[in-house]
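Down below is the structure, laid out as C-alpha cells.
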Amino acid sequence: GIKRSTRETRSVSAALKQGQITPIELCQKCLSLIKKTKFLNAYITVTEEVALKQAEESEKRYKNGQSLGDLDGIPIAVKDNFSTSGIETTCASNMLKGYVPPYNATVVQKLLDQGALLMGKTNLDEFAMGSGTTDGVFGPVKNPWSYSKQYREKRRKQEPHGEKEDSNWLITGGSSGGSAAAVSAFTCFAALGSDTGGSTRNPAAHCGLVGVKPSYGLVSRHGLIPLVNSMDVPGILTRYVDDAAIVLGILAGHDPKDSTTVQDPVKPFMLPSLTDVSKLCIGIPKEYLVPELSSEVRSLWSNAADLFESEGAKVIDVSLPHTSYSIRLPTHPRTLCTSEVASNMARFDGLEYGHRCEIDVSTEAMYAATRREGFNDVVRGRILSGNFFLLKENYENYFIKAQKVRRLIANDFMNVFNSGVDVLLTPTTLSEAVPYLEFIQEDNRTRSAQDDIFTQAVNMAGLPAVSIPVALSNQGLPIGLQFIGRAFCDQQLLTIAKWFEKQVQFPVTQLQELVDDCSSVL
C-alpha cells in the first residue's frame with residue numbers, strides 16, 4: 001500500500017505552520033469528503049458552520065504565528081453521546097432527539113481549547129449499546145473498507161459474477177462505528193468514541209484504525225452521557241499511534257467535575273521511538289485462545305508474538321482464569337427488562353451487556369416493546385435530570401455482584417503484571433468485519449457477548465488498552481490486535497504499540513473509487 005508519515009497530525013500541523021495549506025482549506029476538504037461519503041452514514045450532525053468559524057479563528061492564529069499546538073486547525077469528530085454546547089446530542093435515540101446541551105463534555109472542551117475543528121457528531125448504536133453500529137435510530141454505518149480497492153479486488157477475484165456490490169457492505173463494529181468510519185474515510189484526523197466493553201477498540205479493528213481505551217480515571221467522563229457507569233471511558237480513534245498519543249496527552253488529567261479522575265498532574269505524552277524491545281516481557285493470555293477465533297486472526301496473533309520474540313523480547317504464556325466471567329456471567333438484574341423505567345436503567349447502567357436479559361422472545365421484539373412502552377417525556381426528563389438510580393435495590397444487587405467479579409478479574413491482571421509482564425498481546429475481535437446482512441442474522445445480545453469477548457475484561461479492571469491494525473485478511477479487510485497495559489502506564493503501552501505499528505506497516509485504505517481526491521488532503 002501507499003506509505004505515509006505515521007505522524008499524520010504533526011505533519012499536517014507543520015504544513016499549516018509553513019502555510020502549505022490553511023485551516024480553512026483543510027476544513028473545506030474534509031467537509032467535501034463528508035458530503036461525498038454521506039452514504040456511509042458516519043455522521044448524525046455535520047457542524048459545517050461551527051467548523052468553518054473555528055477554521056477562521058485558527059487561520060488568524062497561524063497568520064500571527066500563535067498556533068495553539070499540534071491540534072490547532074485539525075479536523076476532529078465526536079461520538080454523539082458526548083455533550084456539545086449548542087449542538088444537538090442524540091445518543092442515536094428518539095429519546096434525546098432535539099436535546100441541545102448547554103455545555104461541552106470536558107474532553108470536547110479540551111480539544112476545542114487546543115484549536116481543533118469540530119466537523120460533526122458521529123453515529124452509534126442507541127445509547128452506545130451494541131457492537132455493530134447498526135442499532136441506532138439513524139440507521140447503520142457502512143464500513144469504508146467495503147468500498148476500498150483492496151476489498152473490491154479480492155471480491156472480484158473470488159466471485160467474478162458476484163452479487164451486486166452495494167448490498168454486501170460491511171459493518172464498522174460498534175458502538176463507536178460512526179467515529180471509526182469518519183476517521184477511516186479521511187473526513188477527520190481523530191475522533192472521540194466511548195469504550196465500555198470494547199466500543200472503541202472493536203470498530204478500530206474493523207476499520208483499520210488505532211483505537212485507544214485509556215486507563216479508567218485518566219480522562220474525564222464529565223459530559224459523556226451514560227453517566228452511571230463505572231467502566232465507561234472516552235476512547236480515541238486515529239490512523240496512527242502518534243496521533244492518538246497527542247490527543248490522549250491533551251485529554252488526560254484531573255477534572256474537578258469528575259471525581260474519579262486522577263489527582264496528579266499529567267505531563268504531555270511524547271512517545272519516544274523505541275528501538276530495542278529486548279528488555280520487554282510480553283504476555284499471551286491462554287484463555288483468549290477460544291474456539292470461535294478465526295484462523296486468520298489466530299495466525300496473525302501468533303506471528304505478532306514471534307515478531308517480538310525475534311527482536312529479543314521475552315514472550316510468555318500467562319493465565320487470566322476469571323476472564324470467562326466477564327463474558328459469561330449475567331451480572332445484570334434479570335428483572336429490569338420489562339418495565340419502561342427498567343429499560344431506561346438497563347441502558348443507563350452503561351454496561352454493554354445490560355440489555356441481555358433472560359427473556360425468550362427475540363431481542364428485536366423486546367426492544368420494540370420497550371420502546372413502545374417507555375420512551376416518553378417522563379423518562380426523557382428523568383434521564384436528563386440525572387436521576388439514574390431509579391431502581392435502587394436492583395442496582396445495588398447488580399452492582400455488588402458485578403463488583404465481586406470485577407475484583408477477581410482485576411486481581412488476575414494484577415498477578416500477571418506483578419510477575420514481570422509489561423504488556424499483554426491479544427486479539428481485538430474474533431474475525432474481520434462481516435457483511436451487514438450476515439451480522440443482523442443474530443440478535444444483539446448474542447452478538448455483543450461474542451464481540452466483546454477480548455475487550456470487556458479490560459474495562460472491568462480499568463486498564464489501558466489499544467487496538468492496532470496489523471494486516472489485511474484474505475478478503476482484503478483489516479484485522480487488529482490488542483495490547484493491554486498496567487493501570488496508568490498508558491504512555492508505555494502506546495510506546496510499545498508504536499514500535500509494533502512501525503514493524504507491521506499496515507497499508508493505507510485505498511478509497512479512490514469512493515473519493516477521488518482523498519489522498520490529496522494528506
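Chain identifiers are assigned as A, B, and so on, following the order in which chains appear in the C-alpha cells; residues are numbered from 1 within each chain, and ligands are numbered from 1 in order of appearance.
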Legend entry - Near-A:Ser278 list (8 Å; only C-alpha atoms; drop same-chain fewer than 6 positions) as a PyMOL selection string: chain A and resi 311-314
Legend entry - Contacts of stretch 486-495 of chain A at 9 Å (only C-alpha atoms; same-chain gap of 2+ positions) as number ranges by chain: A: 212, 214-218, 241-242, 244-245, 269-274, 413-414, 417, 422-423, 461-466, 483-484, 497-500
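DSSP secondary structure from the backbone places A:Tyr436, A:Leu437, A:Glu438, A:Phe439, A:Asn444, A:Arg445, A:Thr446, A:Arg447, A:Ser448, A:Ala449, A:Gln450, A:Asp451, A:Gln456, A:Ala457, A:Val458, A:Asn459, A:Met460, A:Ala461 of stretch 429-485 of chain A in helix (DSSP H, G or I).
Across the structure, atom CA of A:Cys281 and atom CA of A:Asn411 are spaced 19.0 Å apart.
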For stretch 230-238 of chain A, find every residue with an atom within 9 Å (counting only C-alpha atoms), except residues of its own chain fewer than 6 positions away, and show them as a compact mmCIF listing (two decimals) with all heavy atoms, in the first residue's frame.
# COMPACT_ATOMS: atom_id res chain seq x y z
N PHE A 82 -21.46 12.40 23.55
CA PHE A 82 -20.75 13.43 24.32
C PHE A 82 -21.52 14.74 24.16
O PHE A 82 -21.87 15.11 23.04
CB PHE A 82 -19.34 13.65 23.76
CG PHE A 82 -18.38 12.53 24.08
CD1 PHE A 82 -18.18 11.50 23.18
CD2 PHE A 82 -17.66 12.52 25.28
CE1 PHE A 82 -17.28 10.46 23.47
CE2 PHE A 82 -16.77 11.49 25.56
CZ PHE A 82 -16.58 10.45 24.67
N VAL A 107 -13.90 16.54 27.63
CA VAL A 107 -12.96 16.14 26.56
C VAL A 107 -13.17 16.98 25.31
O VAL A 107 -12.21 17.32 24.61
CB VAL A 107 -13.08 14.63 26.22
CG1 VAL A 107 -12.41 13.80 27.29
CG2 VAL A 107 -14.53 14.20 26.03
N SER A 176 -18.89 2.66 18.62
CA SER A 176 -18.39 3.94 18.08
C SER A 176 -18.12 3.86 16.58
O SER A 176 -17.15 4.42 16.08
CB SER A 176 -17.10 4.36 18.80
OG SER A 176 -17.23 4.25 20.20
N SER A 179 -17.65 7.18 14.48
CA SER A 179 -16.33 7.81 14.65
C SER A 179 -15.27 7.06 13.86
O SER A 179 -14.39 7.68 13.24
CB SER A 179 -15.95 7.83 16.14
OG SER A 179 -16.69 8.81 16.82
N ALA A 180 -15.36 5.72 13.88
CA ALA A 180 -14.37 4.92 13.14
C ALA A 180 -14.50 5.16 11.63
O ALA A 180 -13.50 5.36 10.95
CB ALA A 180 -14.56 3.44 13.47
N VAL A 183 -13.04 8.62 10.60
CA VAL A 183 -11.58 8.69 10.52
C VAL A 183 -11.08 7.85 9.35
O VAL A 183 -10.21 8.27 8.58
CB VAL A 183 -10.92 8.20 11.84
CG1 VAL A 183 -9.40 8.20 11.73
CG2 VAL A 183 -11.35 9.09 13.01
N SER A 184 -11.67 6.68 9.19
CA SER A 184 -11.24 5.75 8.16
C SER A 184 -11.49 6.30 6.75
O SER A 184 -10.76 6.02 5.81
CB SER A 184 -11.96 4.42 8.37
OG SER A 184 -11.73 3.54 7.34
N CYS A 188 -11.78 13.26 8.88
CA CYS A 188 -11.19 13.96 10.02
C CYS A 188 -9.93 13.18 10.41
O CYS A 188 -9.69 12.09 9.88
CB CYS A 188 -12.17 14.03 11.19
SG CYS A 188 -12.69 12.41 11.79
N PHE A 189 -9.14 13.74 11.32
CA PHE A 189 -7.86 13.11 11.67
C PHE A 189 -7.93 12.32 12.97
O PHE A 189 -7.09 11.47 13.23
CB PHE A 189 -6.78 14.18 11.77
CG PHE A 189 -6.43 14.73 10.42
CD1 PHE A 189 -7.18 15.75 9.85
CD2 PHE A 189 -5.38 14.19 9.69
CE1 PHE A 189 -6.88 16.24 8.59
CE2 PHE A 189 -5.07 14.67 8.43
CZ PHE A 189 -5.82 15.69 7.88
N ALA A 190 -8.93 12.65 13.79
CA ALA A 190 -9.09 11.92 15.04
C ALA A 190 -10.56 12.03 15.42
O ALA A 190 -11.23 12.98 15.01
CB ALA A 190 -8.23 12.55 16.14
N ALA A 191 -11.04 11.05 16.16
CA ALA A 191 -12.43 11.15 16.63
C ALA A 191 -12.52 10.57 18.03
O ALA A 191 -11.76 9.67 18.40
CB ALA A 191 -13.37 10.41 15.68
N LEU A 192 -13.46 11.12 18.80
CA LEU A 192 -13.74 10.56 20.12
C LEU A 192 -14.78 9.46 19.99
O LEU A 192 -15.77 9.62 19.27
CB LEU A 192 -14.31 11.64 21.05
CG LEU A 192 -13.37 12.76 21.49
CD1 LEU A 192 -14.14 13.75 22.37
CD2 LEU A 192 -12.18 12.20 22.23
N GLY A 193 -14.51 8.35 20.67
CA GLY A 193 -15.52 7.31 20.82
C GLY A 193 -15.73 7.15 22.31
O GLY A 193 -15.20 7.92 23.11
N SER A 194 -16.51 6.14 22.70
CA SER A 194 -16.53 5.81 24.13
C SER A 194 -16.31 4.31 24.19
O SER A 194 -16.53 3.60 23.22
CB SER A 194 -17.85 6.21 24.78
OG SER A 194 -18.93 5.53 24.16
N ASP A 195 -15.83 3.83 25.34
CA ASP A 195 -15.47 2.41 25.43
C ASP A 195 -15.90 1.86 26.78
O ASP A 195 -15.39 2.26 27.81
CB ASP A 195 -13.96 2.25 25.25
CG ASP A 195 -13.56 0.80 24.95
OD1 ASP A 195 -13.98 -0.10 25.70
OD2 ASP A 195 -12.83 0.57 23.96
N THR A 196 -16.90 0.99 26.74
CA THR A 196 -17.43 0.39 27.95
C THR A 196 -17.08 -1.08 28.02
O THR A 196 -16.95 -1.66 29.08
CB THR A 196 -18.97 0.53 27.96
OG1 THR A 196 -19.29 1.87 27.62
CG2 THR A 196 -19.54 0.22 29.30
N GLY A 197 -16.96 -1.69 26.85
CA GLY A 197 -16.62 -3.11 26.82
C GLY A 197 -15.88 -3.43 25.54
O GLY A 197 -15.73 -4.57 25.15
N SER A 199 -16.13 -0.71 22.83
CA SER A 199 -16.80 0.12 21.81
C SER A 199 -15.90 1.03 21.00
O SER A 199 -16.34 1.60 20.02
CB SER A 199 -17.87 0.98 22.46
OG SER A 199 -18.98 0.19 22.75
N THR A 200 -14.64 1.22 21.42
CA THR A 200 -13.70 1.97 20.58
C THR A 200 -12.75 1.00 19.89
O THR A 200 -12.43 1.15 18.71
CB THR A 200 -12.89 2.98 21.43
OG1 THR A 200 -13.81 3.95 21.94
CG2 THR A 200 -11.84 3.69 20.59
N ARG A 201 -12.31 -0.03 20.62
CA ARG A 201 -11.33 -0.96 20.05
C ARG A 201 -11.95 -1.84 18.97
O ARG A 201 -11.31 -2.16 17.97
CB ARG A 201 -10.73 -1.82 21.17
CG ARG A 201 -9.80 -1.01 22.10
CD ARG A 201 -9.65 -1.68 23.45
NE ARG A 201 -10.85 -1.56 24.26
CZ ARG A 201 -11.17 -2.37 25.28
NH1 ARG A 201 -10.36 -3.37 25.59
NH2 ARG A 201 -12.28 -2.18 25.96
N ALA A 204 -12.28 0.06 15.76
CA ALA A 204 -10.92 0.36 15.29
C ALA A 204 -10.38 -0.85 14.53
O ALA A 204 -9.81 -0.72 13.44
CB ALA A 204 -10.01 0.71 16.46
N LEU A 209 -7.98 1.00 12.14
CA LEU A 209 -7.53 2.19 12.87
C LEU A 209 -6.87 1.82 14.19
O LEU A 209 -6.96 0.69 14.66
CB LEU A 209 -8.73 3.09 13.19
CG LEU A 209 -9.52 3.63 11.99
CD1 LEU A 209 -10.74 4.38 12.49
CD2 LEU A 209 -8.65 4.53 11.12
N VAL A 210 -6.24 2.84 14.77
CA VAL A 210 -5.75 2.74 16.13
C VAL A 210 -6.91 3.14 17.05
O VAL A 210 -7.51 4.21 16.84
CB VAL A 210 -4.56 3.70 16.34
CG1 VAL A 210 -4.16 3.77 17.80
CG2 VAL A 210 -3.39 3.26 15.46
N GLY A 211 -7.24 2.30 18.02
CA GLY A 211 -8.33 2.62 18.95
C GLY A 211 -7.81 2.51 20.38
O GLY A 211 -7.40 1.44 20.79
N VAL A 212 -7.82 3.64 21.10
CA VAL A 212 -7.26 3.65 22.46
C VAL A 212 -8.35 3.74 23.50
O VAL A 212 -9.24 4.60 23.42
CB VAL A 212 -6.31 4.86 22.64
CG1 VAL A 212 -5.81 4.95 24.08
CG2 VAL A 212 -5.14 4.77 21.68
N LYS A 213 -8.28 2.84 24.47
CA LYS A 213 -9.11 2.92 25.67
C LYS A 213 -8.16 3.28 26.82
O LYS A 213 -7.35 2.46 27.22
CB LYS A 213 -9.77 1.57 25.94
CG LYS A 213 -10.54 1.56 27.26
CD LYS A 213 -10.18 0.37 28.10
CE LYS A 213 -10.73 0.45 29.50
NZ LYS A 213 -9.98 1.30 30.42
N PRO A 214 -8.22 4.52 27.30
CA PRO A 214 -7.29 4.93 28.35
C PRO A 214 -7.59 4.25 29.69
O PRO A 214 -8.66 3.69 29.88
CB PRO A 214 -7.53 6.44 28.48
CG PRO A 214 -8.37 6.83 27.29
CD PRO A 214 -9.10 5.60 26.88
N SER A 215 -6.62 4.31 30.61
CA SER A 215 -6.87 3.83 31.98
C SER A 215 -8.08 4.55 32.55
O SER A 215 -8.27 5.75 32.33
CB SER A 215 -5.68 4.18 32.89
OG SER A 215 -4.54 3.47 32.50
N TYR A 216 -8.88 3.82 33.32
CA TYR A 216 -10.04 4.42 33.97
C TYR A 216 -9.55 5.49 34.94
O TYR A 216 -8.69 5.22 35.77
CB TYR A 216 -10.82 3.34 34.72
CG TYR A 216 -12.08 3.86 35.34
CD1 TYR A 216 -13.24 3.98 34.58
CD2 TYR A 216 -12.12 4.25 36.68
CE1 TYR A 216 -14.40 4.47 35.13
CE2 TYR A 216 -13.28 4.75 37.24
CZ TYR A 216 -14.42 4.86 36.46
OH TYR A 216 -15.56 5.36 37.01
N GLY A 217 -10.05 6.72 34.81
CA GLY A 217 -9.62 7.78 35.72
C GLY A 217 -8.57 8.70 35.13
O GLY A 217 -8.25 9.74 35.70
N LEU A 218 -8.02 8.33 33.97
CA LEU A 218 -7.02 9.20 33.34
C LEU A 218 -7.70 10.35 32.59
O LEU A 218 -7.17 11.45 32.49
CB LEU A 218 -6.14 8.39 32.38
CG LEU A 218 -4.97 9.14 31.74
CD1 LEU A 218 -3.95 9.58 32.80
CD2 LEU A 218 -4.26 8.29 30.69
N VAL A 219 -8.90 10.06 32.05
CA VAL A 219 -9.60 11.03 31.21
C VAL A 219 -11.00 11.26 31.78
O VAL A 219 -11.69 10.32 32.16
CB VAL A 219 -9.70 10.48 29.76
CG1 VAL A 219 -10.55 11.39 28.88
CG2 VAL A 219 -8.30 10.33 29.15
N SER A 220 -11.41 12.52 31.80
CA SER A 220 -12.70 12.87 32.40
C SER A 220 -13.88 12.27 31.64
O SER A 220 -13.90 12.25 30.41
CB SER A 220 -12.85 14.40 32.40
OG SER A 220 -14.18 14.75 32.73
N ARG A 221 -14.88 11.84 32.41
CA ARG A 221 -16.11 11.33 31.79
C ARG A 221 -17.23 12.35 31.88
O ARG A 221 -18.36 12.07 31.52
CB ARG A 221 -16.56 10.03 32.49
CG ARG A 221 -15.58 8.91 32.28
CD ARG A 221 -15.91 7.62 33.00
NE ARG A 221 -17.13 7.57 33.72
CZ ARG A 221 -17.23 7.59 35.04
NH1 ARG A 221 -16.16 7.68 35.78
NH2 ARG A 221 -18.39 7.52 35.63
N LEU A 224 -20.12 12.77 29.20
CA LEU A 224 -20.32 11.54 28.40
C LEU A 224 -21.63 10.97 28.91
O LEU A 224 -21.78 10.73 30.09
CB LEU A 224 -19.16 10.58 28.66
CG LEU A 224 -19.27 9.15 28.11
CD1 LEU A 224 -19.46 9.15 26.60
CD2 LEU A 224 -18.02 8.36 28.46
N ALA A 244 -2.90 9.41 18.26
CA ALA A 244 -3.71 9.05 19.44
C ALA A 244 -3.01 9.56 20.71
O ALA A 244 -3.65 10.03 21.65
CB ALA A 244 -3.91 7.54 19.50
N VAL A 247 -3.60 13.28 21.18
CA VAL A 247 -4.95 13.53 21.70
C VAL A 247 -5.04 13.12 23.17
O VAL A 247 -5.56 13.87 24.00
CB VAL A 247 -6.02 12.79 20.85
CG1 VAL A 247 -7.40 12.95 21.46
CG2 VAL A 247 -6.02 13.33 19.42
N LEU A 248 -4.50 11.96 23.49
CA LEU A 248 -4.57 11.50 24.88
C LEU A 248 -3.83 12.47 25.82
O LEU A 248 -4.30 12.77 26.91
CB LEU A 248 -3.99 10.08 25.02
CG LEU A 248 -4.11 9.46 26.42
CD1 LEU A 248 -5.55 9.46 26.92
CD2 LEU A 248 -3.55 8.04 26.42
N ASP A 349 -27.14 1.70 32.89
CA ASP A 349 -26.04 1.20 33.69
C ASP A 349 -24.83 1.17 32.77
O ASP A 349 -23.72 0.94 33.20
CB ASP A 349 -26.31 -0.17 34.30
CG ASP A 349 -26.39 -1.27 33.29
OD1 ASP A 349 -26.08 -1.01 32.12
OD2 ASP A 349 -26.75 -2.39 33.65
N GLY A 350 -25.07 1.43 31.47
CA GLY A 350 -23.96 1.64 30.54
C GLY A 350 -23.17 0.39 30.26
O GLY A 350 -22.32 0.38 29.41
N LEU A 351 -23.45 -0.69 30.96
CA LEU A 351 -22.71 -1.93 30.68
C LEU A 351 -23.15 -2.41 29.34
O LEU A 351 -24.33 -2.50 29.09
CB LEU A 351 -23.14 -3.00 31.69
CG LEU A 351 -22.29 -3.07 32.91
CD1 LEU A 351 -22.78 -4.21 33.75
CD2 LEU A 351 -20.85 -3.30 32.51
N ASN A 459 -12.08 -3.32 30.69
CA ASN A 459 -12.91 -2.26 31.28
C ASN A 459 -13.21 -2.58 32.73
O ASN A 459 -13.25 -1.69 33.57
CB ASN A 459 -14.22 -2.12 30.51
CG ASN A 459 -13.99 -1.66 29.08
OD1 ASN A 459 -13.54 -2.43 28.24
ND2 ASN A 459 -14.25 -0.40 28.81
N MET A 460 -13.45 -3.87 33.01
CA MET A 460 -13.75 -4.24 34.39
C MET A 460 -12.57 -3.96 35.30
O MET A 460 -12.74 -3.62 36.45
CB MET A 460 -14.14 -5.70 34.45
CG MET A 460 -15.49 -5.96 33.80
SD MET A 460 -16.01 -7.62 34.15
CE MET A 460 -17.77 -7.38 34.29
N ALA A 461 -11.36 -4.09 34.75
CA ALA A 461 -10.16 -3.88 35.56
C ALA A 461 -9.65 -2.44 35.47
O ALA A 461 -8.71 -2.07 36.16
CB ALA A 461 -9.07 -4.86 35.13
N GLY A 462 -10.24 -1.62 34.61
CA GLY A 462 -9.84 -0.22 34.49
C GLY A 462 -8.50 0.01 33.82
O GLY A 462 -7.87 1.05 34.01
Inset, instruction - Find the spatial neighbours of A:Pro102, counting only C-alpha atoms, within a cut-off of 9 Å - ignore same-chain residues fewer than 5 positions away - and output them as a ChimeraX atom specification. - result: /A:83-87
Legend entry - Residue nearest A:Lys502 among A:Thr106, A:Gln456, A:Ser167, A:Thr275 (counting only C-alpha atoms): A:Thr275
Legend entry - Near-A:Lys38 list (12 Å; only C-alpha atoms; drop same-chain fewer than 6 positions) as a ChimeraX atom specification: /A:30-32,44-46,122-123,141-142,144,178,181-182,185,187,514-515
Output file for the selection above: N, CA, C and O atoms, as a PDB file, in the first residue's frame:
ATOM      1  N   CYS A  30     -12.181  18.476   4.159  1.00  0.00           N
ATOM      2  CA  CYS A  30     -12.859  17.454   4.970  1.00  0.00           C
ATOM      3  C   CYS A  30     -14.372  17.549   4.824  1.00  0.00           C
ATOM      4  O   CYS A  30     -15.050  16.529   4.758  1.00  0.00           O
ATOM      5  N   LEU A  31     -14.900  18.772   4.745  1.00  0.00           N
ATOM      6  CA  LEU A  31     -16.351  18.924   4.562  1.00  0.00           C
ATOM      7  C   LEU A  31     -16.785  18.325   3.230  1.00  0.00           C
ATOM      8  O   LEU A  31     -17.836  17.687   3.134  1.00  0.00           O
ATOM      9  N   SER A  32     -15.953  18.504   2.201  1.00  0.00           N
ATOM     10  CA  SER A  32     -16.365  17.950   0.909  1.00  0.00           C
ATOM     11  C   SER A  32     -16.295  16.420   0.945  1.00  0.00           C
ATOM     12  O   SER A  32     -17.132  15.742   0.350  1.00  0.00           O
ATOM     13  N   ILE A  44     -24.212  11.952  12.361  1.00  0.00           N
ATOM     14  CA  ILE A  44     -25.626  12.264  12.621  1.00  0.00           C
ATOM     15  C   ILE A  44     -25.829  13.752  12.338  1.00  0.00           C
ATOM     16  O   ILE A  44     -26.796  14.153  11.724  1.00  0.00           O
ATOM     17  N   THR A  45     -24.891  14.563  12.796  1.00  0.00           N
ATOM     18  CA  THR A  45     -24.960  16.011  12.585  1.00  0.00           C
ATOM     19  C   THR A  45     -23.625  16.475  12.026  1.00  0.00           C
ATOM     20  O   THR A  45     -22.581  16.145  12.600  1.00  0.00           O
ATOM     21  N   VAL A  46     -23.654  17.212  10.939  1.00  0.00           N
ATOM     22  CA  VAL A  46     -22.416  17.806  10.412  1.00  0.00           C
ATOM     23  C   VAL A  46     -22.434  19.281  10.823  1.00  0.00           C
ATOM     24  O   VAL A  46     -23.381  19.999  10.521  1.00  0.00           O
ATOM     25  N   THR A 122     -20.910  11.952  15.550  1.00  0.00           N
ATOM     26  CA  THR A 122     -20.944  10.702  14.776  1.00  0.00           C
ATOM     27  C   THR A 122     -21.965   9.692  15.304  1.00  0.00           C
ATOM     28  O   THR A 122     -22.352   9.703  16.474  1.00  0.00           O
ATOM     29  N   ASN A 123     -22.341   8.807  14.414  1.00  0.00           N
ATOM     30  CA  ASN A 123     -23.382   7.815  14.628  1.00  0.00           C
ATOM     31  C   ASN A 123     -22.916   6.693  15.564  1.00  0.00           C
ATOM     32  O   ASN A 123     -21.720   6.398  15.664  1.00  0.00           O
ATOM     33  N   VAL A 141     -24.114   2.203  10.139  1.00  0.00           N
ATOM     34  CA  VAL A 141     -22.975   2.858   9.488  1.00  0.00           C
ATOM     35  C   VAL A 141     -22.284   1.836   8.595  1.00  0.00           C
ATOM     36  O   VAL A 141     -22.109   0.681   8.983  1.00  0.00           O
ATOM     37  N   LYS A 142     -21.870   2.275   7.418  1.00  0.00           N
ATOM     38  CA  LYS A 142     -21.174   1.367   6.493  1.00  0.00           C
ATOM     39  C   LYS A 142     -19.667   1.515   6.666  1.00  0.00           C
ATOM     40  O   LYS A 142     -19.158   2.634   6.795  1.00  0.00           O
ATOM     41  N   PRO A 144     -16.070   1.961   5.567  1.00  0.00           N
ATOM     42  CA  PRO A 144     -15.448   2.467   4.340  1.00  0.00           C
ATOM     43  C   PRO A 144     -14.641   1.402   3.596  1.00  0.00           C
ATOM     44  O   PRO A 144     -14.514   1.474   2.363  1.00  0.00           O
ATOM     45  N   GLY A 178     -19.544   5.207  13.952  1.00  0.00           N
ATOM     46  CA  GLY A 178     -19.564   6.456  13.194  1.00  0.00           C
ATOM     47  C   GLY A 178     -18.212   7.153  13.271  1.00  0.00           C
ATOM     48  O   GLY A 178     -17.684   7.639  12.265  1.00  0.00           O
ATOM     49  N   ALA A 181     -15.719   5.170  11.128  1.00  0.00           N
ATOM     50  CA  ALA A 181     -15.914   5.392   9.683  1.00  0.00           C
ATOM     51  C   ALA A 181     -15.446   6.795   9.306  1.00  0.00           C
ATOM     52  O   ALA A 181     -14.836   6.998   8.254  1.00  0.00           O
ATOM     53  N   ALA A 182     -15.691   7.777  10.176  1.00  0.00           N
ATOM     54  CA  ALA A 182     -15.306   9.163   9.884  1.00  0.00           C
ATOM     55  C   ALA A 182     -13.789   9.278   9.725  1.00  0.00           C
ATOM     56  O   ALA A 182     -13.302   9.931   8.805  1.00  0.00           O
ATOM     57  N   ALA A 185     -12.532   7.121   6.603  1.00  0.00           N
ATOM     58  CA  ALA A 185     -12.852   7.699   5.290  1.00  0.00           C
ATOM     59  C   ALA A 185     -12.163   9.057   5.100  1.00  0.00           C
ATOM     60  O   ALA A 185     -12.512   9.797   4.183  1.00  0.00           O
ATOM     61  N   THR A 187     -12.379  11.843   6.676  1.00  0.00           N
ATOM     62  CA  THR A 187     -13.144  13.089   6.858  1.00  0.00           C
ATOM     63  C   THR A 187     -12.645  13.879   8.063  1.00  0.00           C
ATOM     64  O   THR A 187     -13.088  15.000   8.298  1.00  0.00           O
ATOM     65  N   LEU A 514     -14.157   5.553  -4.173  1.00  0.00           N
ATOM     66  CA  LEU A 514     -15.163   6.209  -3.342  1.00  0.00           C
ATOM     67  C   LEU A 514     -14.959   7.710  -3.362  1.00  0.00           C
ATOM     68  O   LEU A 514     -15.882   8.491  -3.480  1.00  0.00           O
ATOM     69  N   VAL A 515     -13.712   8.118  -3.262  1.00  0.00           N
ATOM     70  CA  VAL A 515     -13.388   9.530  -3.101  1.00  0.00           C
ATOM     71  C   VAL A 515     -12.200   9.812  -3.998  1.00  0.00           C
ATOM     72  O   VAL A 515     -11.115   9.319  -3.733  1.00  0.00           O
TER      73      VAL A 515
END
Legend entry - Polymer residues at most 10 Å from A:Val504, only C-alpha atoms, same-chain spacing of 2 or more positions, as JSON, numbers by chain: {"A": [304, 307, 468, 469, 470, 471, 499, 500, 501, 502, 506, 507]}
Okay, now the selection with N, CA and C atoms, as a PDB file, in the first residue's frame?
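The result, written out as selection-v1.pdb:
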ATOM      1  N   ALA A 304       2.615 -12.096  15.480  1.00  0.00           N
ATOM      2  CA  ALA A 304       2.986 -10.895  16.226  1.00  0.00           C
ATOM      3  C   ALA A 304       3.842 -11.278  17.431  1.00  0.00           C
ATOM      4  N   LEU A 307       7.222 -12.044  16.225  1.00  0.00           N
ATOM      5  CA  LEU A 307       7.950 -10.828  15.868  1.00  0.00           C
ATOM      6  C   LEU A 307       8.658 -10.251  17.105  1.00  0.00           C
ATOM      7  N   ILE A 468      -4.418  -2.178  17.451  1.00  0.00           N
ATOM      8  CA  ILE A 468      -3.521  -1.709  16.390  1.00  0.00           C
ATOM      9  C   ILE A 468      -3.797  -2.523  15.129  1.00  0.00           C
ATOM     10  N   PRO A 469      -3.989  -1.852  13.980  1.00  0.00           N
ATOM     11  CA  PRO A 469      -4.220  -2.627  12.753  1.00  0.00           C
ATOM     12  C   PRO A 469      -2.931  -3.355  12.346  1.00  0.00           C
ATOM     13  N   VAL A 470      -3.063  -4.630  11.986  1.00  0.00           N
ATOM     14  CA  VAL A 470      -1.878  -5.452  11.757  1.00  0.00           C
ATOM     15  C   VAL A 470      -1.698  -5.799  10.287  1.00  0.00           C
ATOM     16  N   ALA A 471      -2.775  -6.255   9.665  1.00  0.00           N
ATOM     17  CA  ALA A 471      -2.645  -6.726   8.286  1.00  0.00           C
ATOM     18  C   ALA A 471      -4.034  -6.838   7.686  1.00  0.00           C
ATOM     19  N   TRP A 499       6.011   1.017  18.317  1.00  0.00           N
ATOM     20  CA  TRP A 499       7.086   0.164  17.783  1.00  0.00           C
ATOM     21  C   TRP A 499       6.484  -0.920  16.883  1.00  0.00           C
ATOM     22  N   PHE A 500       5.416  -1.526  17.378  1.00  0.00           N
ATOM     23  CA  PHE A 500       4.757  -2.613  16.652  1.00  0.00           C
ATOM     24  C   PHE A 500       4.165  -2.090  15.332  1.00  0.00           C
ATOM     25  N   GLU A 501       3.523  -0.930  15.400  1.00  0.00           N
ATOM     26  CA  GLU A 501       2.930  -0.309  14.208  1.00  0.00           C
ATOM     27  C   GLU A 501       3.997  -0.111  13.115  1.00  0.00           C
ATOM     28  N   LYS A 502       5.178   0.311  13.560  1.00  0.00           N
ATOM     29  CA  LYS A 502       6.256   0.557  12.605  1.00  0.00           C
ATOM     30  C   LYS A 502       6.705  -0.755  11.959  1.00  0.00           C
ATOM     31  N   PHE A 506       1.070  -1.327   8.296  1.00  0.00           N
ATOM     32  CA  PHE A 506      -0.295  -1.559   7.812  1.00  0.00           C
ATOM     33  C   PHE A 506      -0.594  -0.635   6.627  1.00  0.00           C
ATOM     34  N   PRO A 507      -1.215  -1.162   5.556  1.00  0.00           N
ATOM     35  CA  PRO A 507      -1.434  -0.336   4.358  1.00  0.00           C
ATOM     36  C   PRO A 507      -2.538   0.711   4.539  1.00  0.00           C
TER      37      PRO A 507
END
